[in-house]
Structures are given as structure tokens and as C-alpha cells.
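The block underneath contains the structure these notes are about, expressed in C-alpha cells.
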Amino acid sequence: MTQYRAVVGVDYPPNKRIEAGDLVSDLPEKDVKWLLSSGFIEAVDGKGETITPVVEEVKEEIIEPVVEESLVVEEDGFDPAATDGDGDGFLQDGTIHQRPVEETK
Amino acid sequence: MPTFRHGRGAVILSNEYDLSTYLNSVSVSNAVETPETTTFGSTSKSFITGHKEGTVSFEGLYESSATGIDQHLQAALTGNSVMTVSGDGAGVGRRAILLSADSTSYEISSPLTEVVAISGEAVADGGLDYGVWLVCQSAITTTLTGTSVDGAAASSGGGVAHLHITANSNLGTTVAKVQGSANNSTWADLVTFTTVGIGAETSQRSTVSGSIPRYLRCLVTPASTGSLTVNIAFSRR
């Protein structure tokens, strides 16, 4: 059974009282939460040492920014990633780099 | 239908004195300064909120006995007073205004055909706090576990409590507390006033920080026989 140390005096049913510093294990279950959160009592271990509430460290998820890979168009207008948009079997139609689809360069 | 109050129920406590039986008018004023921030090009004036300032003014009847109002108001001019004022009456849960009062004036007037009268003013050192009575003008001879006052919700900004013992013939010391509860069942001490000495008429002002539960009550425990008149008010911040 968890023990608690009173930080301030507490009156609790049925007609009981603890003073600051007293150890107690029969506090009404419904009262423990608000008494703890308000700092009016503190939980202690078997040796009477204060149990420090364990606060789980929340690891921040690092979200890598999504960088859209831009198409590299060479300085002279050659586009190695060009597609056959009109389906005529040629890439970069009407430019000096016009070529059959099967050719890469 | 709103519930209105008659002025006859007003309560004015200053230190260990219940001034209610001497005074016939009291007003409490709260104001805030609003420095102007209007600049060229503005079509309307603008302001920002500055400091709050609370004042109390009162009028009443002169009385010169050793424990009368004249003695107290003369002394109050040289020091700070714990003052609690209520136009809402003395019932538990009724509204009360708490202040640390610095007296700024005290006047005695003696008209030829009328009762000698007094008037005075004080400013609130640290502002006004609006709270409730946990007990008011109550003469007790045994432990008083006060009626609880439901504040509707807990608060986290702490508070201020006033204790006025305006009469005391108890043969022992007295411990007075303000307690808080989340469920009106289990109670934790929020404020424990300095133990009141045997037969002492006194006042105390105590502040508390942190969490204030939803319900409040007082607990006053005289150690011996004899009567004492207790007043305790609390204000959340």
C-alpha cells in the first residue's frame, strides 16, 4: 500500500486528521489525486523517502523536410529527364535536343 | 429576479475593531489608470491599462472610549490596517473586500445641533481583493468547523486571508485556519494563522500561493473555555 507524507494538515473521513510530516496510508482513494497534484501530500517509499514522480521524456520526432527533387535542365537546354508528353516517340520535340524516346542523350 | 441587499447589513472590520456599530456609510472604490497612447493619424483615442487603485471612505459617529472608534482611527493614521468590508452582509459565502489599508485622512466634525461625527479615507496598499466570508461576527465557545463555500472551481493563483478577532474572553489560545477541499469531504490546511494569544483581540493578513481547491471553510479551535468573536474572509487571486 502506498504511503503518503502530509505537507500540510489534512482532515479526512471518518473524522481523522494528520499533521504536516505525518505518514499515512489510509487516505480515501478519491482524494489522493487532488491532494498530490495540489502539493498537500507527497508519496513516499518504504524507507520514508519522497518518491519523485517519474516524468517520461517525450522524444521530439524529427521530421526531415521533404525536398522535391527538381528536374535538372542543363545549361544548353538538354533535359535528361524529359518525357514523351505527346506520345510521338520523340523527346524535346522541336529543339536541338529532339531525339527518339529510346535515346538517353 | 436579482437579490438586492439593504445597506444596514454592511460590515466594516479594521484590525481587531468591528467598526460597523460606529459607521453609517462606507464606500469602496476600485479604479485603474489608463495612460493615453493616441498618436498622429489616429481617428480615435487609445489607451493602455495601468495600475489599479483601491480606496475606502467612510462616515460615522464619534466615540471616545478606550476601545472606541476614535482611538483606533487616530492610531490607524500611523500604520497599516487589516481591513475587510462587506456591503453584502455577514453570512458565510457573502462577498467581502479585503485590503491592507493605509489611512490617508481622519476628520471629526462637531455641528452645533447634531451628533459629533467622523469621516475618513484609506487607500489599499497592494490593491483590493474580492473574496467571501468564511465566518463573520460569530461568537464561539467551542471549535467552529465552518460551513463550506463552493467556489464553483479550483483556482491556481493563490489567495489572501484575513482574520479579525474582535472580542476574546477565552482562557486559552486559539488556532484559526482556512481549509480547502476538492470534494467537500477531505480538507487540507491552506492558511494557518499565527496562534491567537489568551484573551487577545487581534487581526492577521496572510497570503498563500499555488492551488486553491474548489471548496473553502474555516476551522477555529479555542483551547479553553470562554467566548471569542471570529471573522475570517478569503479571496482567491
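The way I read the labels, and the way they are meant: chains A, B, ... in the order of the C-alpha cells, residue 1 as the first residue of every chain, and ligand 1 as the first ligand shown, with later ones counted on from there.
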At a cut-off of 9 Å, can you tabulate as a Markdown table every residue of chain B near chain A together with its closest atom pair and the distance in Å to one decimal, using only C-alpha atoms and ordering rows by chain then number?
| residue | atom | partner | partner_atom | distance |
| --- | --- | --- | --- | --- |
| B:Gln179 | CA | A:Val10 | CA | 8.7 |
| B:Ser181 | CA | A:Leu35 | CA | 8.8 |
| B:Ala182 | CA | A:Trp34 | CA | 7.0 |
| B:Asn183 | CA | A:Asp31 | CA | 8.1 |
| B:Ser185 | CA | A:Tyr12 | CA | 6.8 |
| B:Thr186 | CA | A:Tyr12 | CA | 4.4 |
| B:Trp187 | CA | A:Asp11 | CA | 5.0 |
| B:Ala188 | CA | A:Val10 | CA | 4.3 |
| B:Asp189 | CA | A:Gly9 | CA | 5.3 |
| B:Leu190 | CA | A:Val8 | CA | 7.8 |
| B:Gly210 | CA | A:Ser38 | CA | 7.8 |
| B:Ser211 | CA | A:Ser38 | CA | 5.6 |
| B:Ile212 | CA | A:Ser38 | CA | 8.0 |
| B:Pro213 | CA | A:Ser38 | CA | 8.2 |
Can you write out the residues you just picked, keeping N, CA and C atoms, as a PDB file, in the first residue's frame?
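Contents of part.pdb, freshly written:
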ATOM      1  N   GLN B 179      -9.284  26.197   5.310  1.00  0.00           N
ATOM      2  CA  GLN B 179      -9.054  24.890   4.690  1.00  0.00           C
ATOM      3  C   GLN B 179      -9.711  24.846   3.313  1.00  0.00           C
ATOM      4  N   SER B 181     -10.927  22.101  -0.054  1.00  0.00           N
ATOM      5  CA  SER B 181     -11.268  20.737  -0.424  1.00  0.00           C
ATOM      6  C   SER B 181     -11.716  20.687  -1.879  1.00  0.00           C
ATOM      7  N   ALA B 182     -11.389  19.592  -2.529  1.00  0.00           N
ATOM      8  CA  ALA B 182     -11.835  19.407  -3.912  1.00  0.00           C
ATOM      9  C   ALA B 182     -13.228  18.810  -3.971  1.00  0.00           C
ATOM     10  N   ASN B 183     -13.647  18.176  -2.869  1.00  0.00           N
ATOM     11  CA  ASN B 183     -14.919  17.432  -2.917  1.00  0.00           C
ATOM     12  C   ASN B 183     -15.804  17.657  -1.692  1.00  0.00           C
ATOM     13  N   SER B 185     -15.215  16.988   1.268  1.00  0.00           N
ATOM     14  CA  SER B 185     -15.163  15.830   2.157  1.00  0.00           C
ATOM     15  C   SER B 185     -13.840  15.778   2.924  1.00  0.00           C
ATOM     16  N   THR B 186     -12.743  15.750   2.188  1.00  0.00           N
ATOM     17  CA  THR B 186     -11.412  15.785   2.801  1.00  0.00           C
ATOM     18  C   THR B 186     -10.872  17.208   2.686  1.00  0.00           C
ATOM     19  N   TRP B 187     -10.282  17.696   3.786  1.00  0.00           N
ATOM     20  CA  TRP B 187      -9.895  19.110   3.847  1.00  0.00           C
ATOM     21  C   TRP B 187      -8.410  19.267   4.155  1.00  0.00           C
ATOM     22  N   ALA B 188      -7.754  20.122   3.381  1.00  0.00           N
ATOM     23  CA  ALA B 188      -6.335  20.414   3.603  1.00  0.00           C
ATOM     24  C   ALA B 188      -6.191  21.848   4.125  1.00  0.00           C
ATOM     25  N   ASP B 189      -5.230  22.052   5.031  1.00  0.00           N
ATOM     26  CA  ASP B 189      -4.988  23.400   5.565  1.00  0.00           C
ATOM     27  C   ASP B 189      -4.356  24.279   4.482  1.00  0.00           C
ATOM     28  N   LEU B 190      -4.987  25.396   4.200  1.00  0.00           N
ATOM     29  CA  LEU B 190      -4.412  26.356   3.245  1.00  0.00           C
ATOM     30  C   LEU B 190      -3.656  27.466   3.976  1.00  0.00           C
ATOM     31  N   GLY B 210      -0.200  29.266  -5.012  1.00  0.00           N
ATOM     32  CA  GLY B 210      -0.480  27.950  -5.597  1.00  0.00           C
ATOM     33  C   GLY B 210      -1.953  27.606  -5.670  1.00  0.00           C
ATOM     34  N   SER B 211      -2.197  26.295  -5.602  1.00  0.00           N
ATOM     35  CA  SER B 211      -3.525  25.763  -5.865  1.00  0.00           C
ATOM     36  C   SER B 211      -4.507  26.043  -4.727  1.00  0.00           C
ATOM     37  N   ILE B 212      -5.688  26.528  -5.073  1.00  0.00           N
ATOM     38  CA  ILE B 212      -6.772  26.732  -4.107  1.00  0.00           C
ATOM     39  C   ILE B 212      -7.938  25.850  -4.548  1.00  0.00           C
ATOM     40  N   PRO B 213      -8.274  24.851  -3.741  1.00  0.00           N
ATOM     41  CA  PRO B 213      -9.362  23.944  -4.140  1.00  0.00           C
ATOM     42  C   PRO B 213     -10.714  24.650  -4.269  1.00  0.00           C
TER      43      PRO B 213
END
Give me the residues within 8 Å of Phe193 in chain B as an MDAnalysis selection string, counting only C-alpha atoms and dropping any in the same chain fewer than 5 places off. chainID B and resid 163 175:177 204 206
Restrict the calculation to only C-alpha atoms, then for each residue of range 118-229 of chain B with any atom at most 12 Å from an atom of range 94-100 of chain B give the closest atom pair and their distance in Å to one decimal, rows by chain and rising residue number, as JSON lines.
{"residue": "B:Ala122", "atom": "CA", "partner": "B:Ser100", "partner_atom": "CA", "distance": 9.3}
{"residue": "B:Val123", "atom": "CA", "partner": "B:Ser100", "partner_atom": "CA", "distance": 8.2}
{"residue": "B:Ala124", "atom": "CA", "partner": "B:Leu99", "partner_atom": "CA", "distance": 5.5}
{"residue": "B:Asp125", "atom": "CA", "partner": "B:Ser100", "partner_atom": "CA", "distance": 5.3}
{"residue": "B:Gly126", "atom": "CA", "partner": "B:Ser100", "partner_atom": "CA", "distance": 7.0}
{"residue": "B:Gly127", "atom": "CA", "partner": "B:Leu99", "partner_atom": "CA", "distance": 6.6}
{"residue": "B:Leu128", "atom": "CA", "partner": "B:Leu99", "partner_atom": "CA", "distance": 5.2}
{"residue": "B:Asp129", "atom": "CA", "partner": "B:Leu98", "partner_atom": "CA", "distance": 5.0}
{"residue": "B:Tyr130", "atom": "CA", "partner": "B:Ile97", "partner_atom": "CA", "distance": 4.7}
{"residue": "B:Gly131", "atom": "CA", "partner": "B:Ala96", "partner_atom": "CA", "distance": 5.2}
{"residue": "B:Val132", "atom": "CA", "partner": "B:Arg95", "partner_atom": "CA", "distance": 4.4}
{"residue": "B:Trp133", "atom": "CA", "partner": "B:Arg94", "partner_atom": "CA", "distance": 5.6}
{"residue": "B:Leu134", "atom": "CA", "partner": "B:Arg94", "partner_atom": "CA", "distance": 8.4}
{"residue": "B:Val135", "atom": "CA", "partner": "B:Arg94", "partner_atom": "CA", "distance": 9.5}
{"residue": "B:Cys136", "atom": "CA", "partner": "B:Arg94", "partner_atom": "CA", "distance": 9.4}
{"residue": "B:Ser148", "atom": "CA", "partner": "B:Arg94", "partner_atom": "CA", "distance": 12.0}
{"residue": "B:Val149", "atom": "CA", "partner": "B:Arg94", "partner_atom": "CA", "distance": 9.4}
{"residue": "B:Asp150", "atom": "CA", "partner": "B:Arg94", "partner_atom": "CA", "distance": 11.4}
{"residue": "B:Gly151", "atom": "CA", "partner": "B:Arg94", "partner_atom": "CA", "distance": 11.7}
{"residue": "B:Gly159", "atom": "CA", "partner": "B:Leu98", "partner_atom": "CA", "distance": 10.7}
{"residue": "B:Val160", "atom": "CA", "partner": "B:Leu98", "partner_atom": "CA", "distance": 8.1}
{"residue": "B:Ala161", "atom": "CA", "partner": "B:Leu98", "partner_atom": "CA", "distance": 8.1}
{"residue": "B:His162", "atom": "CA", "partner": "B:Leu98", "partner_atom": "CA", "distance": 7.3}
{"residue": "B:Leu163", "atom": "CA", "partner": "B:Leu98", "partner_atom": "CA", "distance": 10.5}
{"residue": "B:His164", "atom": "CA", "partner": "B:Leu98", "partner_atom": "CA", "distance": 11.6}
{"residue": "B:Ser203", "atom": "CA", "partner": "B:Ser100", "partner_atom": "CA", "distance": 11.4}
{"residue": "B:Gln204", "atom": "CA", "partner": "B:Ser100", "partner_atom": "CA", "distance": 10.3}
{"residue": "B:Arg205", "atom": "CA", "partner": "B:Ser100", "partner_atom": "CA", "distance": 8.1}
{"residue": "B:Ser206", "atom": "CA", "partner": "B:Ser100", "partner_atom": "CA", "distance": 10.7}
{"residue": "B:Thr207", "atom": "CA", "partner": "B:Leu98", "partner_atom": "CA", "distance": 11.5}
Using only N, CA and C atoms, please write the residues we just selected to a file, as a PDB file, in the first residue's frame.
ATOM      1  N   ALA B 122      -9.019  55.813   3.271  1.00  0.00           N
ATOM      2  CA  ALA B 122      -7.807  54.985   3.260  1.00  0.00           C
ATOM      3  C   ALA B 122      -7.580  54.487   1.836  1.00  0.00           C
ATOM      4  N   VAL B 123      -6.325  54.234   1.527  1.00  0.00           N
ATOM      5  CA  VAL B 123      -6.004  53.634   0.230  1.00  0.00           C
ATOM      6  C   VAL B 123      -5.569  52.185   0.471  1.00  0.00           C
ATOM      7  N   ALA B 124      -5.780  51.365  -0.548  1.00  0.00           N
ATOM      8  CA  ALA B 124      -5.427  49.947  -0.433  1.00  0.00           C
ATOM      9  C   ALA B 124      -3.987  49.746  -0.868  1.00  0.00           C
ATOM     10  N   ASP B 125      -3.149  49.379   0.084  1.00  0.00           N
ATOM     11  CA  ASP B 125      -1.744  49.095  -0.210  1.00  0.00           C
ATOM     12  C   ASP B 125      -1.661  47.698  -0.840  1.00  0.00           C
ATOM     13  N   GLY B 126      -1.498  47.653  -2.149  1.00  0.00           N
ATOM     14  CA  GLY B 126      -1.485  46.357  -2.830  1.00  0.00           C
ATOM     15  C   GLY B 126      -2.806  46.022  -3.504  1.00  0.00           C
ATOM     16  N   GLY B 127      -3.743  46.947  -3.477  1.00  0.00           N
ATOM     17  CA  GLY B 127      -4.997  46.743  -4.194  1.00  0.00           C
ATOM     18  C   GLY B 127      -6.065  46.060  -3.368  1.00  0.00           C
ATOM     19  N   LEU B 128      -7.225  45.955  -3.984  1.00  0.00           N
ATOM     20  CA  LEU B 128      -8.372  45.313  -3.348  1.00  0.00           C
ATOM     21  C   LEU B 128      -8.455  43.858  -3.787  1.00  0.00           C
ATOM     22  N   ASP B 129      -8.842  42.996  -2.862  1.00  0.00           N
ATOM     23  CA  ASP B 129      -9.106  41.595  -3.190  1.00  0.00           C
ATOM     24  C   ASP B 129     -10.571  41.301  -2.886  1.00  0.00           C
ATOM     25  N   TYR B 130     -11.244  40.684  -3.828  1.00  0.00           N
ATOM     26  CA  TYR B 130     -12.669  40.409  -3.679  1.00  0.00           C
ATOM     27  C   TYR B 130     -12.857  38.940  -3.300  1.00  0.00           C
ATOM     28  N   GLY B 131     -13.350  38.720  -2.105  1.00  0.00           N
ATOM     29  CA  GLY B 131     -13.487  37.347  -1.617  1.00  0.00           C
ATOM     30  C   GLY B 131     -14.825  37.096  -0.964  1.00  0.00           C
ATOM     31  N   VAL B 132     -14.820  36.166  -0.016  1.00  0.00           N
ATOM     32  CA  VAL B 132     -16.056  35.776   0.676  1.00  0.00           C
ATOM     33  C   VAL B 132     -15.778  35.611   2.171  1.00  0.00           C
ATOM     34  N   TRP B 133     -16.852  35.744   2.949  1.00  0.00           N
ATOM     35  CA  TRP B 133     -16.754  35.437   4.369  1.00  0.00           C
ATOM     36  C   TRP B 133     -16.759  33.931   4.563  1.00  0.00           C
ATOM     37  N   LEU B 134     -15.861  33.446   5.388  1.00  0.00           N
ATOM     38  CA  LEU B 134     -15.932  32.050   5.824  1.00  0.00           C
ATOM     39  C   LEU B 134     -16.580  31.986   7.208  1.00  0.00           C
ATOM     40  N   VAL B 135     -16.486  33.073   7.930  1.00  0.00           N
ATOM     41  CA  VAL B 135     -17.241  33.265   9.169  1.00  0.00           C
ATOM     42  C   VAL B 135     -17.210  34.765   9.441  1.00  0.00           C
ATOM     43  N   CYS B 136     -18.310  35.288   9.976  1.00  0.00           N
ATOM     44  CA  CYS B 136     -18.356  36.729  10.219  1.00  0.00           C
ATOM     45  C   CYS B 136     -19.195  37.020  11.446  1.00  0.00           C
ATOM     46  N   SER B 148     -19.061  25.144   4.477  1.00  0.00           N
ATOM     47  CA  SER B 148     -18.213  25.250   3.293  1.00  0.00           C
ATOM     48  C   SER B 148     -18.798  26.226   2.284  1.00  0.00           C
ATOM     49  N   VAL B 149     -17.901  26.857   1.546  1.00  0.00           N
ATOM     50  CA  VAL B 149     -18.283  27.791   0.492  1.00  0.00           C
ATOM     51  C   VAL B 149     -17.798  27.223  -0.832  1.00  0.00           C
ATOM     52  N   ASP B 150     -18.716  27.042  -1.752  1.00  0.00           N
ATOM     53  CA  ASP B 150     -18.395  26.447  -3.048  1.00  0.00           C
ATOM     54  C   ASP B 150     -17.954  27.544  -4.015  1.00  0.00           C
ATOM     55  N   GLY B 151     -16.689  27.500  -4.408  1.00  0.00           N
ATOM     56  CA  GLY B 151     -16.178  28.486  -5.351  1.00  0.00           C
ATOM     57  C   GLY B 151     -16.397  28.105  -6.801  1.00  0.00           C
ATOM     58  N   GLY B 159      -4.073  33.101  -2.897  1.00  0.00           N
ATOM     59  CA  GLY B 159      -5.135  33.920  -2.317  1.00  0.00           C
ATOM     60  C   GLY B 159      -4.642  34.677  -1.100  1.00  0.00           C
ATOM     61  N   VAL B 160      -5.568  35.419  -0.521  1.00  0.00           N
ATOM     62  CA  VAL B 160      -5.249  36.181   0.688  1.00  0.00           C
ATOM     63  C   VAL B 160      -6.363  35.946   1.701  1.00  0.00           C
ATOM     64  N   ALA B 161      -5.977  35.822   2.965  1.00  0.00           N
ATOM     65  CA  ALA B 161      -6.945  35.560   4.028  1.00  0.00           C
ATOM     66  C   ALA B 161      -6.817  36.613   5.124  1.00  0.00           C
ATOM     67  N   HIS B 162      -7.950  37.004   5.687  1.00  0.00           N
ATOM     68  CA  HIS B 162      -7.974  37.940   6.819  1.00  0.00           C
ATOM     69  C   HIS B 162      -8.617  37.275   8.028  1.00  0.00           C
ATOM     70  N   LEU B 163      -8.022  37.496   9.175  1.00  0.00           N
ATOM     71  CA  LEU B 163      -8.602  37.066  10.448  1.00  0.00           C
ATOM     72  C   LEU B 163      -8.775  38.295  11.331  1.00  0.00           C
ATOM     73  N   HIS B 164      -9.962  38.451  11.873  1.00  0.00           N
ATOM     74  CA  HIS B 164     -10.219  39.511  12.858  1.00  0.00           C
ATOM     75  C   HIS B 164     -10.851  38.846  14.085  1.00  0.00           C
ATOM     76  N   SER B 203      -5.743  40.928  14.695  1.00  0.00           N
ATOM     77  CA  SER B 203      -6.057  40.715  13.278  1.00  0.00           C
ATOM     78  C   SER B 203      -4.807  40.211  12.579  1.00  0.00           C
ATOM     79  N   GLN B 204      -5.011  39.485  11.505  1.00  0.00           N
ATOM     80  CA  GLN B 204      -3.888  38.984  10.714  1.00  0.00           C
ATOM     81  C   GLN B 204      -4.292  38.966   9.249  1.00  0.00           C
ATOM     82  N   ARG B 205      -3.290  39.175   8.416  1.00  0.00           N
ATOM     83  CA  ARG B 205      -3.469  39.071   6.967  1.00  0.00           C
ATOM     84  C   ARG B 205      -2.419  38.099   6.471  1.00  0.00           C
ATOM     85  N   SER B 206      -2.856  37.084   5.754  1.00  0.00           N
ATOM     86  CA  SER B 206      -1.924  36.047   5.312  1.00  0.00           C
ATOM     87  C   SER B 206      -2.171  35.712   3.849  1.00  0.00           C
ATOM     88  N   THR B 207      -1.099  35.609   3.090  1.00  0.00           N
ATOM     89  CA  THR B 207      -1.249  35.245   1.678  1.00  0.00           C
ATOM     90  C   THR B 207      -0.770  33.813   1.475  1.00  0.00           C
TER      91      THR B 207
END
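Contact shell of Ser103 in chain B at 9 Å (only C-alpha atoms; same-chain neighbours under 4 positions omitted): Leu73, Ala76, Leu77, Thr78, Gly79, Asn80, Ser81, Gly120, Glu121, Ala122, Val123 and Ala124 of chain B.
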N, CA, C and O atoms of the current selection, written as a PDB file, in the first residue's frame:
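Writing the result to result11.pdb gives the following:
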ATOM      1  N   LEU B  73      -8.995  54.985  14.953  1.00  0.00           N
ATOM      2  CA  LEU B  73      -8.737  55.742  13.729  1.00  0.00           C
ATOM      3  C   LEU B  73      -7.563  56.706  13.896  1.00  0.00           C
ATOM      4  O   LEU B  73      -6.846  56.979  12.935  1.00  0.00           O
ATOM      5  N   ALA B  76      -4.669  54.428  13.439  1.00  0.00           N
ATOM      6  CA  ALA B  76      -4.571  53.912  12.073  1.00  0.00           C
ATOM      7  C   ALA B  76      -3.841  54.873  11.148  1.00  0.00           C
ATOM      8  O   ALA B  76      -3.285  54.463  10.124  1.00  0.00           O
ATOM      9  N   LEU B  77      -3.821  56.159  11.530  1.00  0.00           N
ATOM     10  CA  LEU B  77      -3.146  57.142  10.676  1.00  0.00           C
ATOM     11  C   LEU B  77      -1.641  56.907  10.619  1.00  0.00           C
ATOM     12  O   LEU B  77      -0.965  57.388   9.718  1.00  0.00           O
ATOM     13  N   THR B  78      -1.124  56.188  11.594  1.00  0.00           N
ATOM     14  CA  THR B  78       0.327  55.992  11.639  1.00  0.00           C
ATOM     15  C   THR B  78       0.745  54.595  11.182  1.00  0.00           C
ATOM     16  O   THR B  78       1.922  54.250  11.245  1.00  0.00           O
ATOM     17  N   GLY B  79      -0.178  53.799  10.754  1.00  0.00           N
ATOM     18  CA  GLY B  79       0.222  52.438  10.363  1.00  0.00           C
ATOM     19  C   GLY B  79      -0.701  51.829   9.332  1.00  0.00           C
ATOM     20  O   GLY B  79      -1.574  52.486   8.762  1.00  0.00           O
ATOM     21  N   ASN B  80      -0.470  50.561   9.135  1.00  0.00           N
ATOM     22  CA  ASN B  80      -1.186  49.788   8.133  1.00  0.00           C
ATOM     23  C   ASN B  80      -2.263  48.971   8.837  1.00  0.00           C
ATOM     24  O   ASN B  80      -1.989  48.357   9.859  1.00  0.00           O
ATOM     25  N   SER B  81      -3.479  48.935   8.297  1.00  0.00           N
ATOM     26  CA  SER B  81      -4.573  48.203   8.944  1.00  0.00           C
ATOM     27  C   SER B  81      -5.047  47.056   8.064  1.00  0.00           C
ATOM     28  O   SER B  81      -5.094  47.176   6.842  1.00  0.00           O
ATOM     29  N   GLY B 120     -13.445  59.441   7.246  1.00  0.00           N
ATOM     30  CA  GLY B 120     -12.052  59.130   6.937  1.00  0.00           C
ATOM     31  C   GLY B 120     -11.907  58.426   5.609  1.00  0.00           C
ATOM     32  O   GLY B 120     -12.895  58.008   4.983  1.00  0.00           O
ATOM     33  N   GLU B 121     -10.677  58.338   5.186  1.00  0.00           N
ATOM     34  CA  GLU B 121     -10.377  57.659   3.927  1.00  0.00           C
ATOM     35  C   GLU B 121      -9.101  56.838   4.078  1.00  0.00           C
ATOM     36  O   GLU B 121      -8.241  57.142   4.908  1.00  0.00           O
ATOM     37  N   ALA B 122      -9.019  55.813   3.271  1.00  0.00           N
ATOM     38  CA  ALA B 122      -7.807  54.985   3.260  1.00  0.00           C
ATOM     39  C   ALA B 122      -7.580  54.487   1.836  1.00  0.00           C
ATOM     40  O   ALA B 122      -8.523  54.343   1.056  1.00  0.00           O
ATOM     41  N   VAL B 123      -6.325  54.234   1.527  1.00  0.00           N
ATOM     42  CA  VAL B 123      -6.004  53.634   0.230  1.00  0.00           C
ATOM     43  C   VAL B 123      -5.569  52.185   0.471  1.00  0.00           C
ATOM     44  O   VAL B 123      -5.071  51.848   1.548  1.00  0.00           O
ATOM     45  N   ALA B 124      -5.780  51.365  -0.548  1.00  0.00           N
ATOM     46  CA  ALA B 124      -5.427  49.947  -0.433  1.00  0.00           C
ATOM     47  C   ALA B 124      -3.987  49.746  -0.868  1.00  0.00           C
ATOM     48  O   ALA B 124      -3.648  49.947  -2.035  1.00  0.00           O
TER      49      ALA B 124
END
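Counting only C-alpha atoms, the residue from B:Leu216, B:Val116, B:Ile108, B:Ala200 that sits nearest to Ala154 in chain B is B:Leu216.
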Where in chain A does DSSP assign strand (DSSP E), given as a ChimeraX atom specification? /A:3-6,10-12,16-18,23-24,41-44,90-91,99-100
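Residues of chain A that DSSP places in alpha helix (DSSP H), based on the backbone of this structure, are Glu29, Lys30, Asp31, Val32, Lys33, Trp34, Leu35, Leu36 and Ser37 of chain A.
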Quick one: residues within 12 Å of Lys47 in chain A, only C-alpha atoms counted, chain neighbours fewer than 2 positions away excluded, as an MDAnalysis selection string? chainID A and resid 2:5 23 43:45 49:51
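One finds CA of Asn24 in chain B at 21.9 Å from CA of Ala233 in chain B.
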If we count only C-alpha atoms, what is near Ser57 in chain B at a cut-off of 12 Å, once residues fewer than 2 positions away on the same chain are taken out, given as a PyMOL selection string? chain B and resi 12+23-30+54-55+59-60+85+101-107+118-124
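Taking CA of Glu201 in chain B and CA of Arg237 in chain B as the two end points, the separation is 27.5 Å.
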Test item: residues at most 6 Å from Ile198 in chain B, only C-alpha atoms, excluding those fewer than 5 positions along its chain, as a PyMOL selection string: chain B and resi 171-173
Between CA of Ser209 in chain B and CA of Gly50 in chain B - distance in Å to one decimal: 23.8 Å
Near Ile96 in chain A, counting only C-alpha atoms, which residues have an atom at most 12 Å away, once you skip same-chain residues fewer than 2 positions from it, shown as number ranges by chain? A: 76-79, 91-94, 98-99, 105
Restricting the output to all heavy atoms, write the selected residues as a short mmCIF file (atom, residue, chain, number, x, y, z; two decimals), in the first residue's frame.
data_model
loop_
_atom_site.label_atom_id
_atom_site.label_comp_id
_atom_site.auth_asym_id
_atom_site.auth_seq_id
_atom_site.Cartn_x
_atom_site.Cartn_y
_atom_site.Cartn_z
N ASP A 76 22.48 24.19 -71.70
CA ASP A 76 22.19 24.35 -73.13
C ASP A 76 20.78 23.91 -73.48
O ASP A 76 20.39 23.86 -74.64
CB ASP A 76 23.21 23.54 -73.97
CG ASP A 76 23.12 22.05 -73.68
OD1 ASP A 76 22.35 21.69 -72.76
OD2 ASP A 76 23.81 21.29 -74.36
N GLY A 77 19.94 23.57 -72.47
CA GLY A 77 18.55 23.20 -72.73
C GLY A 77 18.31 21.72 -72.78
O GLY A 77 17.15 21.29 -72.90
N PHE A 78 19.35 20.91 -72.67
CA PHE A 78 19.15 19.46 -72.68
C PHE A 78 18.56 19.02 -71.36
O PHE A 78 19.05 19.38 -70.29
CB PHE A 78 20.48 18.73 -72.92
CG PHE A 78 20.31 17.24 -72.92
CD1 PHE A 78 19.76 16.59 -74.03
CD2 PHE A 78 20.66 16.48 -71.81
CE1 PHE A 78 19.60 15.21 -74.02
CE2 PHE A 78 20.48 15.11 -71.79
CZ PHE A 78 19.95 14.46 -72.91
N ASP A 79 17.44 18.26 -71.49
CA ASP A 79 16.75 17.78 -70.30
C ASP A 79 16.84 16.26 -70.25
O ASP A 79 16.11 15.57 -70.98
CB ASP A 79 15.29 18.23 -70.32
CG ASP A 79 14.53 17.78 -69.07
OD1 ASP A 79 15.15 17.14 -68.19
OD2 ASP A 79 13.33 18.08 -68.98
N LEU A 91 11.51 12.92 -77.80
CA LEU A 91 11.62 13.78 -76.62
C LEU A 91 12.07 15.16 -77.07
O LEU A 91 12.76 15.31 -78.06
CB LEU A 91 12.66 13.20 -75.64
CG LEU A 91 12.43 11.79 -75.15
CD1 LEU A 91 13.63 11.30 -74.32
CD2 LEU A 91 11.15 11.69 -74.34
N GLN A 92 11.69 16.19 -76.27
CA GLN A 92 12.07 17.58 -76.53
C GLN A 92 11.86 17.96 -77.99
O GLN A 92 12.78 18.46 -78.67
CB GLN A 92 13.53 17.81 -76.09
CG GLN A 92 13.71 17.73 -74.57
CD GLN A 92 15.04 18.26 -74.09
OE1 GLN A 92 16.01 17.51 -74.10
NE2 GLN A 92 15.09 19.54 -73.71
N ASP A 93 10.63 17.73 -78.39
CA ASP A 93 10.27 18.00 -79.78
C ASP A 93 10.60 19.43 -80.17
O ASP A 93 10.34 20.37 -79.40
CB ASP A 93 8.75 17.77 -79.98
CG ASP A 93 8.35 16.32 -79.70
OD1 ASP A 93 9.24 15.51 -79.37
OD2 ASP A 93 7.15 16.02 -79.78
N GLY A 94 11.12 19.60 -81.38
CA GLY A 94 11.35 20.93 -81.94
C GLY A 94 12.55 21.65 -81.40
O GLY A 94 12.73 22.85 -81.65
N GLN A 98 16.01 17.33 -79.80
CA GLN A 98 14.95 16.35 -80.13
C GLN A 98 15.62 15.02 -80.45
O GLN A 98 16.62 14.96 -81.17
CB GLN A 98 14.14 16.84 -81.33
CG GLN A 98 13.05 15.86 -81.73
CD GLN A 98 12.15 16.42 -82.81
OE1 GLN A 98 11.85 17.62 -82.85
NE2 GLN A 98 11.76 15.56 -83.74
N ARG A 99 15.04 13.95 -79.87
CA ARG A 99 15.64 12.62 -80.03
C ARG A 99 14.58 11.57 -79.80
O ARG A 99 13.57 11.82 -79.12
CB ARG A 99 16.80 12.43 -79.05
CG ARG A 99 16.38 12.56 -77.59
CD ARG A 99 17.58 12.74 -76.69
NE ARG A 99 17.22 12.75 -75.27
CZ ARG A 99 16.75 13.81 -74.62
NH1 ARG A 99 16.56 14.96 -75.26
NH2 ARG A 99 16.46 13.69 -73.34
N LYS A 105 20.67 10.33 -74.68
CA LYS A 105 21.39 11.58 -74.98
C LYS A 105 21.79 11.60 -76.42
O LYS A 105 22.12 10.55 -76.98
CB LYS A 105 22.63 11.71 -74.09
CG LYS A 105 23.29 13.05 -74.23
CD LYS A 105 24.17 13.38 -73.07
CE LYS A 105 24.71 14.80 -73.22
NZ LYS A 105 25.49 15.22 -72.09
#
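Distances here use only C-alpha atoms; by that measure, the residue among A:Gly46, A:Met1, A:Pro80, A:Pro65 closest to Glu29 in chain A is A:Met1.
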